[in-house]
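Visitor: Handing over run-v4.csv, CSV, C-alpha atoms.
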chain,number,residue,atom,x,y,z
A,1,MET,CA,-6.8,-21.3,0.5
A,2,PRO,CA,-5.5,-18.2,-1.3
A,3,ILE,CA,-4.2,-18.8,-4.8
A,4,TRP,CA,-0.6,-17.8,-4.1
A,5,HIS,CA,-0.3,-20.3,-1.3
A,6,ILE,CA,-1.4,-23.0,-3.7
A,7,ASN,CA,1.1,-21.7,-6.2
A,8,CYS,CA,3.9,-21.6,-3.6
A,9,VAL,CA,3.2,-25.2,-2.5
A,10,MET,CA,3.0,-26.5,-6.1
A,11,ASP,CA,6.2,-24.7,-7.1
A,12,TRP,CA,7.9,-26.0,-4.0
A,13,LEU,CA,6.8,-29.6,-4.8
A,14,ASN,CA,7.8,-28.9,-8.4
A,15,VAL,CA,4.4,-30.2,-9.6
A,16,LYS,CA,4.1,-30.4,-13.4
A,17,ASP,CA,1.7,-27.8,-15.0
A,18,ASN,CA,-0.4,-30.5,-16.8
A,19,ARG,CA,-1.7,-31.9,-13.5
A,20,PRO,CA,-5.3,-31.0,-12.7
A,21,THR,CA,-5.5,-28.0,-10.3
A,22,ASN,CA,-8.5,-26.6,-8.6
A,23,ILE,CA,-8.2,-22.9,-8.4
A,24,ASN,CA,-11.9,-22.2,-9.0
A,25,ILE,CA,-12.6,-19.3,-6.6
A,26,ASN,CA,-16.3,-20.5,-6.3
A,27,THR,CA,-15.4,-23.9,-4.9
A,28,ILE,CA,-12.5,-22.8,-2.6
A,29,LYS,CA,-13.5,-22.0,1.0
A,30,PHE,CA,-12.0,-18.6,2.1
A,31,PRO,CA,-11.6,-18.4,5.9
A,32,LEU,CA,-11.3,-15.0,7.5
A,33,PRO,CA,-7.5,-14.8,7.5
A,34,ALA,CA,-7.5,-15.6,3.8
A,35,ILE,CA,-10.0,-12.7,3.1
A,36,SER,CA,-7.8,-10.4,5.3
A,37,SER,CA,-4.8,-11.5,3.3
A,38,ILE,CA,-6.3,-10.9,-0.1
A,39,LEU,CA,-7.7,-7.5,1.1
A,40,HIS,CA,-4.2,-6.6,2.2
A,41,ARG,CA,-3.1,-7.0,-1.4
A,42,ILE,CA,-6.1,-5.3,-2.9
A,43,SER,CA,-5.8,-2.3,-0.5
A,44,GLY,CA,-2.1,-2.2,-1.4
A,45,VAL,CA,-2.8,-1.8,-5.2
A,46,PHE,CA,-5.6,0.7,-4.4
A,47,ILE,CA,-3.3,2.9,-2.2
A,48,PHE,CA,-0.5,2.6,-4.8
A,49,VAL,CA,-2.8,4.3,-7.4
A,50,GLY,CA,-4.3,6.6,-4.7
A,51,ILE,CA,-0.9,8.1,-3.9
A,52,ALA,CA,-1.3,10.2,-7.0
A,53,PHE,CA,-4.3,11.9,-5.4
A,54,LEU,CA,-2.5,12.4,-2.1
A,55,LEU,CA,0.6,13.8,-3.8
A,56,TYR,CA,-1.6,16.2,-5.9
A,57,ILE,CA,-3.4,17.4,-2.7
A,58,LEU,CA,-0.1,17.7,-0.9
A,59,GLU,CA,1.5,19.7,-3.7
A,60,LEU,CA,-1.4,22.1,-4.0
A,61,SER,CA,-1.7,22.6,-0.2
A,62,LEU,CA,2.0,23.5,0.1
A,63,GLN,CA,2.3,25.7,-3.0
A,64,SER,CA,0.7,28.9,-1.7
A,65,GLU,CA,-1.9,30.3,0.7
A,66,SER,CA,-4.5,30.2,-2.1
A,67,GLY,CA,-3.5,26.6,-3.0
A,68,PHE,CA,-4.1,25.6,0.6
A,69,THR,CA,-7.5,27.2,0.5
A,70,SER,CA,-8.4,25.6,-2.8
A,71,VAL,CA,-7.5,22.2,-1.2
A,72,LEU,CA,-10.0,23.0,1.6
A,73,VAL,CA,-12.6,24.0,-1.0
A,74,LEU,CA,-11.9,20.8,-3.0
A,75,LEU,CA,-12.2,18.6,0.1
A,76,ASP,CA,-15.6,20.2,0.8
A,77,HIS,CA,-17.0,18.5,-2.3
A,78,PHE,CA,-18.9,15.2,-1.6
A,79,LEU,CA,-17.1,13.1,-4.2
A,80,VAL,CA,-13.7,14.3,-3.1
A,81,LYS,CA,-14.6,13.6,0.5
A,82,PHE,CA,-15.7,10.1,-0.5
A,83,LEU,CA,-12.4,9.6,-2.5
A,84,ALA,CA,-10.3,10.8,0.5
A,85,TRP,CA,-12.3,8.5,2.8
A,86,ALA,CA,-11.9,5.5,0.4
A,87,ILE,CA,-8.1,6.0,0.2
A,88,LEU,CA,-7.9,6.5,4.0
A,89,ALA,CA,-9.9,3.3,4.6
A,90,GLY,CA,-7.6,1.4,2.3
A,91,LEU,CA,-4.6,2.9,4.0
A,92,LEU,CA,-5.9,2.1,7.5
A,93,PHE,CA,-6.7,-1.5,6.6
A,94,HIS,CA,-3.3,-1.9,5.0
A,95,LEU,CA,-1.5,-0.4,8.0
A,96,ILE,CA,-3.5,-2.5,10.5
A,97,ALA,CA,-3.2,-5.8,8.5
A,98,GLY,CA,0.5,-4.9,7.9
A,99,PHE,CA,1.0,-4.4,11.7
A,100,LYS,CA,-0.4,-7.8,12.4
A,101,HIS,CA,1.9,-9.2,9.7
A,102,LEU,CA,4.9,-7.7,11.4
A,103,LEU,CA,3.8,-9.2,14.8
A,104,MET,CA,3.5,-12.6,13.1
A,105,ASP,CA,7.0,-12.1,11.7
A,106,LEU,CA,8.1,-11.7,15.3
A,107,GLY,CA,6.4,-15.0,16.1
A,108,ILE,CA,3.4,-13.5,17.8
A,109,GLY,CA,0.0,-15.1,17.0
A,110,GLU,CA,1.1,-17.8,14.6
A,111,SER,CA,-1.1,-20.6,15.9
A,112,PHE,CA,-4.3,-21.5,14.1
A,113,GLU,CA,-6.6,-20.0,16.8
A,114,ALA,CA,-4.5,-16.9,17.1
A,115,GLY,CA,-4.5,-16.5,13.3
A,116,LEU,CA,-8.3,-16.4,13.3
A,117,LEU,CA,-8.4,-14.1,16.3
A,118,GLY,CA,-5.8,-11.8,14.6
A,119,ALA,CA,-7.9,-11.6,11.4
A,120,ARG,CA,-11.0,-10.8,13.5
A,121,LEU,CA,-9.1,-8.1,15.3
A,122,VAL,CA,-7.7,-6.7,12.0
A,123,PHE,CA,-11.3,-6.4,10.7
A,124,GLY,CA,-12.7,-5.1,13.9
A,125,VAL,CA,-10.1,-2.4,14.4
A,126,SER,CA,-10.2,-1.5,10.7
A,127,ILE,CA,-14.0,-1.1,10.6
A,128,ILE,CA,-13.8,1.2,13.7
A,129,ALA,CA,-10.9,3.2,12.4
A,130,THR,CA,-12.7,3.6,9.0
A,131,LEU,CA,-15.9,4.8,10.7
A,132,VAL,CA,-13.9,7.3,12.9
A,133,ALA,CA,-12.2,8.5,9.7
A,134,GLY,CA,-15.6,8.9,8.1
A,135,ILE,CA,-16.9,10.9,11.0
A,136,TRP,CA,-13.7,13.0,11.0
A,137,ILE,CA,-14.0,13.8,7.3
A,138,TRP,CA,-17.7,14.7,7.4
B,139,MET,CA,6.3,-20.6,-11.8
B,140,VAL,CA,7.8,-17.3,-12.9
B,141,THR,CA,11.4,-17.8,-13.8
B,142,ASN,CA,12.6,-14.4,-15.1
B,143,VAL,CA,13.8,-12.4,-12.2
B,144,THR,CA,12.7,-8.7,-12.0
B,145,ASN,CA,12.4,-8.3,-8.2
B,146,LEU,CA,14.1,-5.4,-6.4
B,147,SER,CA,17.3,-7.0,-5.0
B,148,ARG,CA,17.4,-10.2,-7.1
B,149,ALA,CA,17.3,-12.0,-3.7
B,150,GLY,CA,14.1,-12.9,-1.9
B,151,LEU,CA,15.6,-12.5,1.6
B,152,TYR,CA,16.6,-8.9,0.9
B,153,ASP,CA,13.2,-8.1,-0.6
B,154,TRP,CA,11.7,-9.6,2.5
B,155,VAL,CA,13.8,-7.3,4.8
B,156,VAL,CA,13.3,-4.2,2.6
B,157,GLN,CA,9.5,-4.8,2.6
B,158,ARG,CA,9.4,-4.9,6.4
B,159,LEU,CA,11.9,-2.1,7.0
B,160,SER,CA,10.0,0.2,4.6
B,161,ALA,CA,6.7,-0.8,6.2
B,162,VAL,CA,7.9,0.4,9.6
B,163,ILE,CA,9.1,3.7,8.1
B,164,LEU,CA,5.8,4.2,6.3
B,165,LEU,CA,3.8,3.3,9.4
B,166,ILE,CA,5.6,5.8,11.5
B,167,TYR,CA,5.4,8.5,8.8
B,168,ALA,CA,1.7,7.9,8.2
B,169,LEU,CA,0.9,7.9,11.9
B,170,GLY,CA,2.9,11.2,12.3
B,171,ILE,CA,0.9,12.9,9.5
B,172,LEU,CA,-2.4,11.6,10.7
B,173,SER,CA,-1.7,12.6,14.3
B,174,SER,CA,-0.9,16.2,13.2
B,175,PHE,CA,-4.4,16.3,11.7
B,176,VAL,CA,-5.9,15.1,15.0
B,177,LEU,CA,-3.7,17.4,17.2
B,178,TYR,CA,-4.2,20.5,15.1
B,179,PRO,CA,-7.7,20.3,13.5
B,180,ASP,CA,-7.8,24.0,12.6
B,181,MET,CA,-4.3,24.1,11.0
B,182,GLY,CA,-3.6,27.0,8.7
B,183,TYR,CA,-1.3,27.3,5.7
B,184,GLU,CA,1.6,28.8,7.6
B,185,GLN,CA,1.5,26.0,10.2
B,186,TRP,CA,1.1,23.3,7.6
B,187,LYS,CA,4.0,24.7,5.5
B,188,ALA,CA,6.2,25.0,8.7
B,189,ILE,CA,5.8,21.3,9.3
B,190,PHE,CA,7.0,20.2,5.9
B,191,SER,CA,9.7,22.9,5.5
B,192,SER,CA,11.6,21.8,8.6
B,193,SER,CA,14.9,20.0,7.9
B,194,PHE,CA,13.7,17.0,9.9
B,195,MET,CA,10.5,16.6,7.9
B,196,ARG,CA,12.2,17.2,4.6
B,197,ILE,CA,14.6,14.3,5.3
B,198,PHE,CA,11.9,12.2,6.9
B,199,SER,CA,9.6,12.8,3.9
B,200,LEU,CA,12.4,11.9,1.4
B,201,ILE,CA,13.1,8.7,3.4
B,202,ALA,CA,9.4,7.8,3.5
B,203,LEU,CA,9.2,8.5,-0.3
B,204,LEU,CA,12.1,6.1,-1.0
B,205,ALA,CA,10.5,3.6,1.4
B,206,LEU,CA,7.2,3.9,-0.5
B,207,CYS,CA,8.9,3.3,-3.9
B,208,GLY,CA,10.7,0.2,-2.7
B,209,HIS,CA,7.6,-1.1,-0.8
B,210,ALA,CA,5.3,-0.5,-3.8
B,211,TRP,CA,7.7,-2.2,-6.2
B,212,ILE,CA,8.1,-5.3,-4.0
B,213,GLY,CA,4.3,-5.5,-3.4
B,214,MET,CA,3.4,-5.0,-7.1
B,215,TRP,CA,6.1,-7.4,-8.2
B,216,THR,CA,4.8,-10.1,-5.7
B,217,ILE,CA,1.3,-9.6,-6.9
B,218,SER,CA,2.2,-9.7,-10.6
B,219,THR,CA,4.3,-12.9,-10.3
B,220,ASP,CA,1.5,-14.6,-8.3
B,221,TYR,CA,-1.5,-13.8,-10.6
B,222,LEU,CA,-0.1,-12.8,-14.0
B,223,THR,CA,1.3,-16.3,-14.6
B,224,ASN,CA,0.8,-19.0,-17.3
B,225,ARG,CA,-1.2,-21.0,-14.9
B,226,GLN,CA,-3.5,-18.1,-14.0
B,227,ILE,CA,-4.1,-16.3,-17.3
B,228,GLY,CA,-2.6,-18.4,-20.0
B,229,SER,CA,0.4,-18.4,-22.4
B,230,SER,CA,0.6,-14.7,-22.9
B,231,ALA,CA,1.2,-14.1,-19.2
B,232,THR,CA,4.8,-13.0,-19.6
B,233,PHE,CA,3.8,-10.2,-21.8
B,234,PHE,CA,1.0,-8.9,-19.5
B,235,ARG,CA,3.2,-9.3,-16.4
B,236,LEU,CA,6.1,-7.3,-17.9
B,237,ALA,CA,3.7,-4.7,-19.2
B,238,PHE,CA,2.1,-4.4,-15.7
B,239,GLN,CA,5.6,-4.2,-14.2
B,240,ALA,CA,6.7,-1.6,-16.7
B,241,PHE,CA,3.6,0.5,-15.8
B,242,CYS,CA,4.4,0.1,-12.1
B,243,VAL,CA,8.0,1.2,-12.6
B,244,LEU,CA,6.8,4.3,-14.6
B,245,LEU,CA,4.3,5.2,-11.8
B,246,ILE,CA,6.9,4.7,-9.1
B,247,LEU,CA,9.4,7.0,-11.0
B,248,ILE,CA,6.7,9.6,-11.4
B,249,TYR,CA,5.9,9.5,-7.7
B,250,LEU,CA,9.6,9.7,-6.8
B,251,ILE,CA,10.4,12.7,-9.0
B,252,TRP,CA,7.1,14.4,-8.2
B,253,GLY,CA,7.5,13.8,-4.5
B,254,ILE,CA,11.1,15.1,-4.4
B,255,ARG,CA,9.9,18.2,-6.3
B,256,ILE,CA,7.1,18.8,-3.7
B,257,PHE,CA,9.3,18.3,-0.6
B,258,TRP,CA,12.3,20.3,-1.8
B,259,SER,CA,10.4,23.2,-3.5
B,260,ILE,CA,8.9,24.5,-0.3
B,261,GLU,CA,10.5,27.9,0.6
Could you show the structure in this file as structure tokens?
Guide:
Amino acid sequence: MPIWHINCVMDWLNVKDNRPTNININTIKFPLPAISSILHRISGVFIFVGIAFLLYILELSLQSESGFTSVLVLLDHFLVKFLAWAILAGLLFHLIAGFKHLLMDLGIGESFEAGLLGARLVFGVSIIATLVAGIWIW
Amino acid sequence: MVTNVTNLSRAGLYDWVVQRLSAVILLIYALGILSSFVLYPDMGYEQWKAIFSSSFMRIFSLIALLALCGHAWIGMWTISTDYLTNRQIGSSATFFRLAFQAFCVLLILIYLIWGIRIFWSIE
């Protein structure tokens, strides 16, 4: 069970801090929806930092004709391609997992089985989208 | 449990709504930009500039930028109050959490001012 769920339940129950708690990552079983949930957070932090790169590229590309060309030249470099792909992958996963989140807010797919299916779909669609993005970049 | 309140609206329900509303705005904006890449793979500078200099895109970009700032703050606040707590990292958690939150505020402000400059300096 993800740590914040344990925290929420413990805060809700008003459990005192001195009680023994097991939040040892190595002994907690992480089902697929939990991994999807934690990756949603990690990808969020990653894109938050990555926005700096995207804004830099956007500013340069809109500045002038030569700026636009230098963006194309920059994006021709392997490492820059890889960085763009990594940010795009994080963005795609975050969007797809977020879309599932919104569906669940509407009451769609809230059962145990649907939760697992939803997480599988999120991973499946994200992997395909990331591969397509990679092919498109290279 | 984190007891000092530094969330966006000082009310969880509003944060919840803002997070979802901004998510929908950002989803539409991101899909719009990505589809322009797919539809016009050989886009030149003039075409690229024309997209962003239209009134519609200037306003949409500004709305998306504001949505990004709110969305990022709520997300980072949620993460910081879940992991940077006394239970997770010990008694100095409040210092680290507030330092992390201050860094996030600074980065969000930079993005906001930088973004406005980009979108409104196109001729």
Visitor: Just how far from CA of Ile42 (chain A) is CA of Arg235 (chain B), in Å to one decimal?
Guide: 16.9 Å
Visitor: From the set A:Gly98, A:Gly90, A:Pro31, A:Gly50, which residue has the shortest atom-to-atom contact distance to chain B, counting only C-alpha atoms?
Guide: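 For chain B, the nearest of the given residues is A:Gly98.
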Visitor: Can you build me a table of chain B residues sitting at most 6 Å from chain A, with the closest atom pair per residue and its distance in Å to one decimal, using all atoms listed in the file, sorted by chain and residue number, as a tab-separated table?
Guide:
residue	atom	partner	partner_atom	distance
B:Tyr183	CA	A:Glu65	CA	5.9
B:Lys187	CA	A:Leu62	CA	5.9
B:Asp220	CA	A:Trp4	CA	5.7
B:Ile256	CA	A:Glu59	CA	5.7
Visitor: So which residues touch Gln157 (chain B) within 8 Å, counting only C-alpha atoms, skipping near sequence neighbours fewer than 4 positions away, as a JSON list (two decimals) with C-alpha atoms, keeping the file's coordinate frame?
Guide:
[["chain", "number", "residue", "atom", "x", "y", "z"],
["B", 153, "ASP", "CA", 13.20, -8.10, -0.60],
["B", 161, "ALA", "CA", 6.70, -0.80, 6.20],
["B", 208, "GLY", "CA", 10.70, 0.20, -2.70],
["B", 209, "HIS", "CA", 7.60, -1.10, -0.80],
["B", 212, "ILE", "CA", 8.10, -5.30, -4.00],
["B", 213, "GLY", "CA", 4.30, -5.50, -3.40]]
Visitor: Measuring between all atoms listed in the file, which one of A:Ser36, A:Lys100, A:Trp85, A:Phe53 shows the shortest distance to Val162 (chain B)?
Guide: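 Checking each candidate against Val162 (chain B), we get A:Lys100 as the closest.
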Visitor: Could you state the separation of CA of Ser174 (chain B) and CA of Ile189 (chain B) in Å, given to one decimal place?
Guide: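 Separation of CA of Ser174 (chain B) and CA of Ile189 (chain B): 9.3 Å.
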Visitor: Tell me which protein, DNA and RNA residues are within 8 Å of Ile246 (chain B), counting all atoms listed in the file, leaving out same-chain ones fewer than 3 positions away, and put them as a VMD selection string.
Guide: chain B and resid 207 210 to 211 242 to 243 249 to 250
Visitor: Could you name the residues that touch Leu75 (chain A) at 12 Å or less, counting all atoms listed in the file, but leaving out those on the same chain fewer than 2 positions away, as a PyMOL selection string?
Guide: chain A and resi 53-54+57+61+68-73+77-85+137-138
Visitor: Could you jot down the CA of Ala129 (chain A) to CA of Glu113 (chain A) separation for me, Å, one decimal place?
Guide: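 Between CA of Ala129 (chain A) and CA of Glu113 (chain A) the gap works out to 24.0 Å.
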Visitor: Measuring atom to atom with all atoms listed in the file, identify which of B:Arg225, B:Arg196, B:Arg158, B:Arg148 is nearest to Pro20 (chain A).
Guide: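 Of B:Arg225, B:Arg196, B:Arg158, B:Arg148, the one nearest Pro20 (chain A) is B:Arg225, counting all atoms listed in the file.
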Visitor: Pick out the residues sitting within 12 Å of Ser193 (chain B), and hand them over as a PyMOL selection string; count all atoms listed in the file, and ignore anything fewer than 3 positions along from it in its own chain.
Guide: chain B and resi 188-190+196-200+257-258+260-261
Visitor: At a cut-off of 10 Å around the point (6.5, -4.5, -14.8) (file coordinates), what residues fall inside when counting all atoms listed in the file? I'd like the answer as a PDB file with C-alpha atoms, keeping the file's coordinate frame.
Guide:
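Output file point.pdb follows:
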ATOM      1  CA  THR B 144      12.700  -8.700 -12.000  1.00  0.00           C
ATOM      2  CA  ASN B 145      12.400  -8.300  -8.200  1.00  0.00           C
ATOM      3  CA  TRP B 211       7.700  -2.200  -6.200  1.00  0.00           C
ATOM      4  CA  MET B 214       3.400  -5.000  -7.100  1.00  0.00           C
ATOM      5  CA  TRP B 215       6.100  -7.400  -8.200  1.00  0.00           C
ATOM      6  CA  SER B 218       2.200  -9.700 -10.600  1.00  0.00           C
ATOM      7  CA  THR B 219       4.300 -12.900 -10.300  1.00  0.00           C
ATOM      8  CA  THR B 232       4.800 -13.000 -19.600  1.00  0.00           C
ATOM      9  CA  PHE B 233       3.800 -10.200 -21.800  1.00  0.00           C
ATOM     10  CA  PHE B 234       1.000  -8.900 -19.500  1.00  0.00           C
ATOM     11  CA  ARG B 235       3.200  -9.300 -16.400  1.00  0.00           C
ATOM     12  CA  LEU B 236       6.100  -7.300 -17.900  1.00  0.00           C
ATOM     13  CA  ALA B 237       3.700  -4.700 -19.200  1.00  0.00           C
ATOM     14  CA  PHE B 238       2.100  -4.400 -15.700  1.00  0.00           C
ATOM     15  CA  GLN B 239       5.600  -4.200 -14.200  1.00  0.00           C
ATOM     16  CA  ALA B 240       6.700  -1.600 -16.700  1.00  0.00           C
ATOM     17  CA  PHE B 241       3.600   0.500 -15.800  1.00  0.00           C
ATOM     18  CA  CYS B 242       4.400   0.100 -12.100  1.00  0.00           C
ATOM     19  CA  VAL B 243       8.000   1.200 -12.600  1.00  0.00           C
ATOM     20  CA  LEU B 244       6.800   4.300 -14.600  1.00  0.00           C
TER      21      LEU B 244
END
Visitor: Tell me which of B:Met181, B:Leu146, B:Leu159, B:Leu203 sits closest to Arg255 (chain B), counting all atoms listed in the file.
Guide: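 Answer, going by the shortest atom-to-atom distance: B:Leu203.
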Visitor: Nearest residue to Gly124 (chain A) out of A:Ile38, A:Leu103, A:Leu32, A:Ile108, using only C-alpha atoms?
Guide: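 So, comparing all the options, the nearest one is A:Leu32.
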